[in-house]
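The next block holds one structure in the form of structure tokens; read it before the comments.
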Amino acid sequence: MLGVGILLSWALLALMALRGAEIRGPGSEAPGDELLRMLPPVPVPAFLDRFFSLCLNPLPPGGLAPDLFAALTLMWFLMSVAMMLPSAAPMIRTYCEIADTAGRKREAAVHPLILVAGYLCAWLAASALFAALTILVHRFAAGIQTAPVKGVAGALALGLAGLYQFTGFKDACLNKCRNPFSILFARWSPRPLRIFRLGVEQGLWCLGCCWALMLVMFAVGIMNLFWMALIAVFTLVEKQGTRHVSTRLAGAILLVWAVALLLSSA
């Protein structure tokens, strides 16, 4: 069931990226647009077309509206499900193993989907914050016509994401994500509300681990499928490891990239 949700999220994001490549004209192409235009057009229902239009044009002539904020929140939530939920598989599998052990002892166990619901609620709240940031970024970009200033903004996003990879808080959150057994076992409960809260807590640890990487999307293009997949794979690998080499390496690459972008924008 979770796999279906992940695949559906990737499918919707791919359709949105394809629609974006179709409506962007010469001079405003995003990375990968040329490749996406080679694919056959895919008809979508009217409500999806409206959703895609809102996400791809965060500053419509009518200004900010509740449906725009809701659409952007849903877009970021789809990205969170597609990119982050696969990396939560060890945590979910660990919970299922503990629940199976409780079941063999004839003890009550809450369904794993309650834990997943709590995890996703944490990312839903984060998606609302990212949606608000998206609107602010586009308003800022609309008032700036010079490429150097936009380059500096992108360099700042990359630099912040890179620096965060070296912080102790990043390490603490990553350690929590890598070792879910002790937390799940110690906080085990037959009460759905407590398991839901436990899922929220695990989602917050994951958010603390990965929020800065999501900022990279502002620098490379929010609907850049290549970078979505790259961040998803990196997050999965990072949480499976036992050392911080990959984390530090990613931070160094982001910092070098930020400096290079800054220099090229000067």
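Numbering starts fresh at 1 for the residues of each chain in the structure tokens, the chains themselves are lettered A, B, ... in the order given, and ligands are numbered from 1 as they appear.
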Which neighbours of region 74-81 of chain A fall inside 8 Å, counting only C-alpha atoms, when residues of the same chain fewer than 4 positions from it are skipped, and could you give them as a CSV table (one decimal) with N, CA, C and O atoms, in the first residue's frame?
chain,number,residue,atom,x,y,z
A,5,GLY,N,1.4,4.3,-2.9
A,5,GLY,CA,1.4,5.7,-2.6
A,5,GLY,C,2.7,6.4,-3.2
A,5,GLY,O,2.6,7.5,-3.7
A,6,ILE,N,3.8,5.8,-3.0
A,6,ILE,CA,5.1,6.4,-3.5
A,6,ILE,C,5.1,6.4,-5.0
A,6,ILE,O,5.4,7.5,-5.6
A,9,SER,N,2.8,9.1,-6.2
A,9,SER,CA,3.4,10.5,-6.0
A,9,SER,C,4.4,10.8,-7.1
A,9,SER,O,4.4,11.9,-7.7
A,10,TRP,N,5.2,9.8,-7.5
A,10,TRP,CA,6.2,10.0,-8.5
A,10,TRP,C,5.5,10.2,-9.9
A,10,TRP,O,5.9,11.0,-10.7
A,13,LEU,N,4.1,13.8,-10.0
A,13,LEU,CA,5.2,14.7,-10.1
A,13,LEU,C,5.8,14.7,-11.6
A,13,LEU,O,6.1,15.7,-12.1
A,55,CYS,N,0.5,25.1,-9.4
A,55,CYS,CA,1.8,24.8,-8.9
A,55,CYS,C,2.9,25.4,-9.8
A,55,CYS,O,4.0,25.8,-9.3
A,70,ALA,N,-3.0,25.9,-1.0
A,70,ALA,CA,-3.3,24.5,-0.9
A,70,ALA,C,-2.6,23.6,-1.9
A,70,ALA,O,-2.1,22.5,-1.7
A,85,LEU,N,9.5,9.1,2.1
A,85,LEU,CA,8.9,7.9,2.6
A,85,LEU,C,9.7,6.7,2.4
A,85,LEU,O,9.8,5.8,3.3
A,86,PRO,N,10.4,6.5,1.2
A,86,PRO,CA,11.2,5.3,1.0
A,86,PRO,C,12.3,5.2,2.1
A,86,PRO,O,12.6,4.1,2.5
A,120,LEU,N,3.7,11.1,8.3
A,120,LEU,CA,3.3,11.9,7.2
A,120,LEU,C,2.7,13.3,7.6
A,120,LEU,O,2.9,14.3,6.9
A,123,TRP,N,5.5,15.8,7.9
A,123,TRP,CA,5.9,16.3,6.6
A,123,TRP,C,4.8,17.1,6.0
A,123,TRP,O,5.1,18.0,5.2
A,124,LEU,N,3.6,16.9,6.3
A,124,LEU,CA,2.5,17.7,5.8
A,124,LEU,C,2.6,19.1,6.3
A,124,LEU,O,2.5,20.1,5.6
A,127,SER,N,5.4,20.7,4.6
A,127,SER,CA,5.0,21.1,3.2
A,127,SER,C,4.3,22.4,3.2
A,127,SER,O,4.5,23.2,2.2
A,128,ALA,N,3.5,22.7,4.2
A,128,ALA,CA,2.9,24.0,4.3
A,128,ALA,C,3.9,25.1,4.4
A,128,ALA,O,3.8,26.2,3.8
A,130,PHE,N,7.0,25.0,3.4
A,130,PHE,CA,7.8,25.1,2.1
A,130,PHE,C,6.9,25.8,1.0
A,130,PHE,O,7.4,26.5,0.2
A,131,ALA,N,5.6,25.6,1.1
A,131,ALA,CA,4.7,26.2,0.2
A,131,ALA,C,4.7,27.7,0.4
A,131,ALA,O,4.8,28.5,-0.6
A,228,MET,N,15.2,15.4,-7.7
A,228,MET,CA,14.3,14.7,-6.8
A,228,MET,C,14.8,13.3,-6.6
A,228,MET,O,14.9,12.8,-5.4
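The residue set within 8 Å of Tyr95 (chain A), counting only C-alpha atoms and dropping same-chain residues fewer than 2 places from it, reads A:Met91, A:Ile92, A:Arg93, A:Glu97, A:Ile98, A:Ala99, A:Pro112, A:Phe181, A:Leu184.
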Residues of the last selection are to be written out with N, CA and C atoms, as an mmCIF file, in the first residue's frame.
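Output contents, as saved in result-v7.cif:
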data_model
loop_
_atom_site.group_PDB
_atom_site.id
_atom_site.type_symbol
_atom_site.label_atom_id
_atom_site.label_comp_id
_atom_site.auth_asym_id
_atom_site.auth_seq_id
_atom_site.Cartn_x
_atom_site.Cartn_y
_atom_site.Cartn_z
ATOM 1 N N MET A 91 12.396 2.155 9.492
ATOM 2 C CA MET A 91 11.622 2.464 10.688
ATOM 3 C C MET A 91 10.285 1.726 10.678
ATOM 4 N N ILE A 92 9.618 1.725 9.522
ATOM 5 C CA ILE A 92 8.327 1.043 9.409
ATOM 6 C C ILE A 92 8.503 -0.466 9.549
ATOM 7 N N ARG A 93 9.557 -1.004 8.936
ATOM 8 C CA ARG A 93 9.824 -2.442 9.029
ATOM 9 C C ARG A 93 10.128 -2.846 10.471
ATOM 10 N N GLU A 97 8.054 -5.524 12.815
ATOM 11 C CA GLU A 97 8.678 -6.667 13.489
ATOM 12 C C GLU A 97 8.303 -6.693 14.972
ATOM 13 N N ILE A 98 8.314 -5.502 15.600
ATOM 14 C CA ILE A 98 7.923 -5.440 17.011
ATOM 15 C C ILE A 98 6.449 -5.796 17.177
ATOM 16 N N ALA A 99 5.611 -5.311 16.229
ATOM 17 C CA ALA A 99 4.177 -5.609 16.287
ATOM 18 C C ALA A 99 3.924 -7.099 16.092
ATOM 19 N N PRO A 112 0.403 -0.575 11.653
ATOM 20 C CA PRO A 112 1.531 0.279 11.237
ATOM 21 C C PRO A 112 1.119 1.549 10.487
ATOM 22 N N PHE A 181 14.958 1.267 16.454
ATOM 23 C CA PHE A 181 14.473 0.193 17.315
ATOM 24 C C PHE A 181 14.356 0.627 18.774
ATOM 25 N N LEU A 184 11.320 2.949 19.211
ATOM 26 C CA LEU A 184 10.042 2.267 19.015
ATOM 27 C C LEU A 184 9.778 1.260 20.131
#
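For the atom pair formed by CA of Gly241 (chain A) and CA of Cys210 (chain A), the distance is 15.0 Å, given to one decimal.
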Please list as a list in words every residue within 9 Å of Leu198 (chain A), counting only C-alpha atoms and excluding residues in the same chain fewer than 6 positions away.
Leu115, Gly118, Tyr119, Ile183, Leu184, Arg187 and Trp188 of chain A
Keeping all heavy atoms for every residue in the selection just given, could you write it to a file as a short mmCIF file (atom, residue, chain, number, x, y, z; two decimals), in the first residue's frame?
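Result file follows (again_32.cif):
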data_model
loop_
_atom_site.label_atom_id
_atom_site.label_comp_id
_atom_site.auth_asym_id
_atom_site.auth_seq_id
_atom_site.Cartn_x
_atom_site.Cartn_y
_atom_site.Cartn_z
N LEU A 115 1.20 4.64 12.57
CA LEU A 115 2.55 5.20 12.71
C LEU A 115 2.91 6.00 11.46
O LEU A 115 3.44 7.12 11.56
CB LEU A 115 3.56 4.07 12.91
CG LEU A 115 5.02 4.49 13.06
CD1 LEU A 115 5.28 5.02 14.47
CD2 LEU A 115 5.95 3.31 12.77
N GLY A 118 1.16 9.40 11.33
CA GLY A 118 1.83 10.40 12.15
C GLY A 118 3.08 10.93 11.48
O GLY A 118 3.34 12.14 11.49
N TYR A 119 3.86 10.03 10.89
CA TYR A 119 5.08 10.43 10.17
C TYR A 119 4.74 11.41 9.05
O TYR A 119 5.40 12.44 8.89
CB TYR A 119 5.75 9.17 9.63
CG TYR A 119 6.95 9.42 8.76
CD1 TYR A 119 8.23 9.52 9.31
CD2 TYR A 119 6.83 9.53 7.37
CE1 TYR A 119 9.33 9.74 8.51
CE2 TYR A 119 7.93 9.76 6.57
CZ TYR A 119 9.18 9.86 7.14
OH TYR A 119 10.27 10.09 6.34
N ILE A 183 13.95 3.51 20.11
CA ILE A 183 12.86 4.45 20.35
C ILE A 183 11.51 3.75 20.25
O ILE A 183 10.64 3.90 21.12
CB ILE A 183 12.92 5.61 19.32
CG1 ILE A 183 14.23 6.38 19.47
CG2 ILE A 183 11.74 6.55 19.50
CD1 ILE A 183 14.43 7.46 18.42
N LEU A 184 11.32 2.95 19.21
CA LEU A 184 10.04 2.27 19.01
C LEU A 184 9.78 1.26 20.13
O LEU A 184 8.64 1.12 20.60
CB LEU A 184 10.04 1.56 17.65
CG LEU A 184 10.10 2.47 16.42
CD1 LEU A 184 10.20 1.64 15.15
CD2 LEU A 184 8.90 3.40 16.36
N ARG A 187 9.04 3.18 23.46
CA ARG A 187 7.79 3.94 23.44
C ARG A 187 6.61 3.10 22.97
O ARG A 187 5.56 3.65 22.63
CB ARG A 187 7.97 5.14 22.49
CG ARG A 187 9.15 6.06 22.85
CD ARG A 187 8.78 7.03 23.95
NE ARG A 187 7.70 7.89 23.54
CZ ARG A 187 7.86 8.97 22.76
NH1 ARG A 187 9.06 9.30 22.33
NH2 ARG A 187 6.83 9.71 22.44
N TRP A 188 6.78 1.79 22.95
CA TRP A 188 5.73 0.90 22.46
C TRP A 188 4.45 1.08 23.29
O TRP A 188 4.48 1.22 24.51
CB TRP A 188 6.19 -0.55 22.53
CG TRP A 188 5.11 -1.52 22.15
CD1 TRP A 188 4.29 -2.22 22.98
CD2 TRP A 188 4.71 -1.87 20.83
NE1 TRP A 188 3.43 -2.99 22.26
CE2 TRP A 188 3.66 -2.80 20.93
CE3 TRP A 188 5.15 -1.49 19.56
CZ2 TRP A 188 3.03 -3.36 19.81
CZ3 TRP A 188 4.54 -2.04 18.44
CH2 TRP A 188 3.49 -2.96 18.58
#
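Reported to one decimal place, the separation of CA of Phe169 (chain A) from CA of Val256 (chain A) is 21.7 Å.
Separating CA of Leu174 (chain A) from CA of Lys239 (chain A) is a distance of 6.7 Å.
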